[in-house]
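Quick notes on the structure that follows.
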Amino acid sequence: MLAALEKREQEIELSRQALREKERMLTTLMSNLDGMVYRCRNDAQWTMEFVSDGCYHLTGYHAEELLQNSRISYEEVEHPEDRARVRNEIEAALANARRFFVEYRIQCQDGTTKWVWERGVGIRDDAGNVVALEGYIENVTERKLSTQALQQAERSFRSIFENATEGIFQTSPEGRYLNVNPALASIYGFATPGELVASIGDIQHQVYTKPARRAEFIRLMREEGVVTNFVSEIRRKDGHRIWISENARAVLDEAGKLLFYEGTVEDVTESKLNQEKLEHLANHDPVTGLPNRLLMNDRLRQMMLSAQRSKSIVAVVLIDLDHFKLINDTYGHNRGDQLLQTMAHRMLASVRESDTVVRLGGDEFVLLLSGANRGEAMSQVVQRVLQTIARPSQIEGRELSVSCSMGVSIFPRDGRDVQTLLKNADTAMYKAKEFGRNNFQFYSPEMNAVIAERLEMQSALRSAVEHLQFALLYQPKVDLVSGQIAGMEALLRVKDEKGGLSLPENFVQLAEETGLIVQIGEWVMREACTFNKSLQARGLPAMRVAINLSARQLTRYDLVRAVEHALSEAQLPAECLELELTESMVMNDPEGVIATLAQLKALGIQLSIDDFGTGYSSLSYLKRFPVTSLKIDQSFVRELGQDENASAIVRAVISLGHSLDMKVIAEGVETEKQMSFLLENRCDAMQGFLFSRPLAAAEFTTLVERESHGGGRFSLLRQLCSTFSDRSAQELAVDITNF
């Protein structure tokens with residue numbers, strides 16, 4: 001019996017030890033939990049009956065402070081804003097005999113806030129009533145904050161994705177859109193991102209206008225993993241073409257396998273067009289739209305490289321519009337620009353698409369012609385351009401005509417670089433000008449000597465202007481009614497290095513082209529007016545001095561002011577100055593010339609047309625010109641008595657001049673026969689070697705002083721003129737011979 005009791009006590013002790021071990025293990029386990037195990041009654045306050053040691057770590061309150069709600073109830077620890085929700089969710093779970101799970105905030109003893117996650121179950125009695133709640137509450141603050149941050153980041157990314165002005169995309173390696181934002185859909189012309197993704201299954205051929213661009217995109221991705229500022233032309237949904245710039249990267253998984261491409265798209269159409277516009281402006285002439293010198297240099301180099309490979313030739317044709325500066329000055333820059341545009345269109349129409357037409361500037365153009373053994377064909381092209389340019393043009397209701405001079409150099413024969421070819425073409429072009437303009441010349445090495453001479457002449461001309469190496473000679477004009485000196489013509493001469501004088505014939509054309517003729521002309525005007533005033537100061541009879549105007553002087557806006565200045569400086573009366581103009585000058589722009597001449601006439605200046613008969617005058621304009629005299633060109637006077645046509649022309653000019661109430665003057669009179677003819681046909685005045693060669697100022701002064709006293713050769717002429725009407729032809733011939 002005793003043994004049985006001892007055995008029973010041993011079993012009880014073992015059971016107690018096992019229970020204590022289980023309690024220890026449970027206590028240890030609960031102590032190590034990062035949370036709180038609890039049991040509470042199902043009453044109004046959820047009074048705590050058990051709270052694990054994790055309570056302090058979780059809430060800052062010791063377990064005994066929560067047990068039996070001795071200091072604070074756990075419901076009071078819950079955040080005030082969450083209490084009602086927590087109770088509602090737990091009671092709803094209990095009512096449905098479910099476990100409850102609820103997430104909420106608590107306010108710790110130190111005032112901090114934590115997020116907790118509570119899970120538990122209701123404990124029921126035998127009648128099925130919930131008498132208690134058992135559960136576990138853990139701290140999930142870190143996870144909650146991470147989730148909130150992730151959600152906020154996702155919301156931010158989604159907002160950026162949805163509202164970005166740049167297009168954002170993800171595409172598969174095969175070339176399909178996986179995800180796009182509204183901005184990309186709008187850029188591509190689709191209503192929604194979904195429509196874009198559904199509509200485009202082959203980016204390479206449906207989006208890029210040049211499929212090779214997608215291949216280049218893939219190549220860069222494979223080699224570098226990114227593309228930067230990848231500019232391409234693409235098609236929108238409506239077919240309209242735009243330019244885009246892409247920045248993208250390849251996205252790989254942990255194993256390095258390509259998942260997709262992602263990046264951004266920007267519509268750069270406007271900047272691309274602006275860039276192209278700037279490039280066009282940098283490489284093209286703004287007036288004609290033709291390539292300029294910069295682009296010409298590049299194209300010519302390319303054509304030369306191509307010609308080397310194909311063993312062909314390239315022609316460089318330099319074109320200069322003849323007298324364009326005169327037209328520009330006369331009609332204004334607006335009409336001049338329109339004429340340039342017309343010439344540009346004609347040149348383009350005369351060459352092939354593979355050839356190039358260039359405007360160097362001013363009135364200079366260049367043709368670049370290429371082709372295997374096209375020497376003869378190139379000559380035909382140049383001839384065609386020459387002819388088409390010469391056709392009259394209608395510019396603002398006016399018919400304008402302009403010819404051109406063309407020089408041609410050939411690659412590789414005449415040069416192997418751009419500058420040499422242009423220089424030699426320029427040399428040939430000046431040769432064409434020497435041959436009378438309106439023609440073309442091919443370059444030859446001998447032409448360099450001509451150009452050297454021209455440059456030397458140009459240098460000499462500038463030196464002459466700078467140092468005033470000019471002189472004026474004066475040739476008397478004789479009145480055929482009174483036989484007296486009625487005026488003089490000032491004639492320009494150039495001083496040579498030895499002090500001698502030479503005719504300026506070689507200088508005039510060059511002076512016109514360089515514009516120096518204006519400066520020279522103003523010097524002539526001042527010098528002639530000053531000399532004429534000096535004659536009057538010596539008490540000699542007043543007479544007019546005539547000077548020749550250049551085309552540039554006539555078309556200058558300040559010609560009238562220049563004349564006024566010369567007269568004022570010399571204190572010479574306006575009626576003592578005569579300006580001589582050629583037919584071609586006044587007929588080039590009749591309306592404009594009439595206005596200028598009217599101003600000069602209003603000053604009291606005398607006006608005459610020189611070399612009359614050598615040009616083409618419209619009588620309708622001639623009668624409107626405020627001109628007082630016509631000068632018969634010496635080429636007709638020279639043939640008097642030898643050629644009936646010349647005699648008829650002179651008679652007609654004298655008759656025409658008198659009918660228009662103009663004086664008629666014959667120049668270049670050298671023989672008695674010529675003078676006799678002019679006397680018989682009532683010419684008003686003449687000048688020439690028969691009476692006097694051009695004289696230096698001092699010699700002319702002596703001549704005028706002698707004749708003013710009634711002596712000298714002119715006294716016989718006066719007698720001859722006074723008795724002309726009483727003489728027979730035979731007597732007149734004898735008297736003229738004696739003269």
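Following the order of the structure tokens, chains are lettered A, B, ..., residues in each are numbered from 1, and ligands are numbered from 1.
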task: Could you give me, as a ChimeraX atom specification, the residues within 12 Å of Cys40 (chain A), counting only C-alpha atoms and dropping anything in the same chain fewer than 3 positions from it?
output: /A:37,43-52,66-69,73-75,120-123,130-136
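Across the model, the gap from CA of Leu369 (chain A) to CA of Asp355 (chain A) is 5.1 Å.
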May I have the residues within 12 Å of Ala215 (chain A) as a PDB file with N, CA and C atoms, in the first residue's frame, using only C-alpha atoms and disregarding those fewer than 3 positions away in the same chain?
ATOM      1  N   PRO A 173      11.227  43.013 -76.943  1.00  0.00           N
ATOM      2  CA  PRO A 173      12.350  42.881 -77.875  1.00  0.00           C
ATOM      3  C   PRO A 173      11.891  42.617 -79.304  1.00  0.00           C
ATOM      4  N   GLU A 174      10.689  42.000 -79.441  1.00  0.00           N
ATOM      5  CA  GLU A 174      10.182  41.675 -80.776  1.00  0.00           C
ATOM      6  C   GLU A 174       9.587  42.887 -81.487  1.00  0.00           C
ATOM      7  N   GLY A 175       9.352  43.980 -80.752  1.00  0.00           N
ATOM      8  CA  GLY A 175       8.864  45.187 -81.415  1.00  0.00           C
ATOM      9  C   GLY A 175       7.398  45.461 -81.212  1.00  0.00           C
ATOM     10  N   ILE A 203       6.553  47.694 -84.639  1.00  0.00           N
ATOM     11  CA  ILE A 203       7.084  49.060 -84.549  1.00  0.00           C
ATOM     12  C   ILE A 203       7.969  49.396 -85.736  1.00  0.00           C
ATOM     13  N   GLN A 204       8.794  48.471 -86.147  1.00  0.00           N
ATOM     14  CA  GLN A 204       9.772  48.726 -87.207  1.00  0.00           C
ATOM     15  C   GLN A 204       9.112  49.216 -88.488  1.00  0.00           C
ATOM     16  N   HIS A 205       7.992  48.579 -88.867  1.00  0.00           N
ATOM     17  CA  HIS A 205       7.386  48.911 -90.154  1.00  0.00           C
ATOM     18  C   HIS A 205       6.164  49.806 -90.024  1.00  0.00           C
ATOM     19  N   TYR A 208       8.313  53.634 -87.849  1.00  0.00           N
ATOM     20  CA  TYR A 208       9.440  54.310 -88.491  1.00  0.00           C
ATOM     21  C   TYR A 208       9.216  54.433 -89.994  1.00  0.00           C
ATOM     22  N   LYS A 210      11.613  54.952 -91.984  1.00  0.00           N
ATOM     23  CA  LYS A 210      12.740  54.180 -92.506  1.00  0.00           C
ATOM     24  C   LYS A 210      12.986  53.020 -91.548  1.00  0.00           C
ATOM     25  N   PRO A 211      12.530  51.811 -91.919  1.00  0.00           N
ATOM     26  CA  PRO A 211      12.658  50.658 -91.017  1.00  0.00           C
ATOM     27  C   PRO A 211      14.071  50.429 -90.502  1.00  0.00           C
ATOM     28  N   ALA A 212      15.062  50.882 -91.250  1.00  0.00           N
ATOM     29  CA  ALA A 212      16.447  50.683 -90.816  1.00  0.00           C
ATOM     30  C   ALA A 212      16.741  51.405 -89.503  1.00  0.00           C
ATOM     31  N   ILE A 218      17.996  48.750 -82.219  1.00  0.00           N
ATOM     32  CA  ILE A 218      18.295  47.448 -81.612  1.00  0.00           C
ATOM     33  C   ILE A 218      19.805  47.231 -81.525  1.00  0.00           C
ATOM     34  N   ARG A 219      20.532  47.638 -82.549  1.00  0.00           N
ATOM     35  CA  ARG A 219      21.992  47.465 -82.552  1.00  0.00           C
ATOM     36  C   ARG A 219      22.632  48.241 -81.404  1.00  0.00           C
ATOM     37  N   LEU A 220      22.219  49.487 -81.225  1.00  0.00           N
ATOM     38  CA  LEU A 220      22.768  50.292 -80.135  1.00  0.00           C
ATOM     39  C   LEU A 220      22.422  49.690 -78.778  1.00  0.00           C
ATOM     40  N   MET A 221      21.210  49.167 -78.655  1.00  0.00           N
ATOM     41  CA  MET A 221      20.815  48.541 -77.389  1.00  0.00           C
ATOM     42  C   MET A 221      21.694  47.326 -77.081  1.00  0.00           C
ATOM     43  N   ARG A 222      21.957  46.526 -78.077  1.00  0.00           N
ATOM     44  CA  ARG A 222      22.778  45.334 -77.870  1.00  0.00           C
ATOM     45  C   ARG A 222      24.212  45.691 -77.508  1.00  0.00           C
ATOM     46  N   SER A 232      14.531  60.225 -85.150  1.00  0.00           N
ATOM     47  CA  SER A 232      14.011  59.472 -86.289  1.00  0.00           C
ATOM     48  C   SER A 232      12.733  60.134 -86.787  1.00  0.00           C
TER      49      SER A 232
END
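Counting only C-alpha atoms, the residue from A:Gln484, A:Asn532, A:Thr112, A:Thr165 that sits nearest to Ala566 (chain A) is A:Asn532.
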- prompt: Can you tell me, as an MDAnalysis selection string, what residues are no more than 7 Å from region 316-321 of chain A when counting only C-alpha atoms, ignoring any on the same chain fewer than 5 positions away?
  reply: chainID A and resid 363:369 402:410 421:422 425:426 429
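Distances to Lys277 (chain A) were evaluated for A:Ala490, A:Gln441, A:Lys477, A:Gly289 using only C-alpha atoms, and the minimum falls at A:Gly289.
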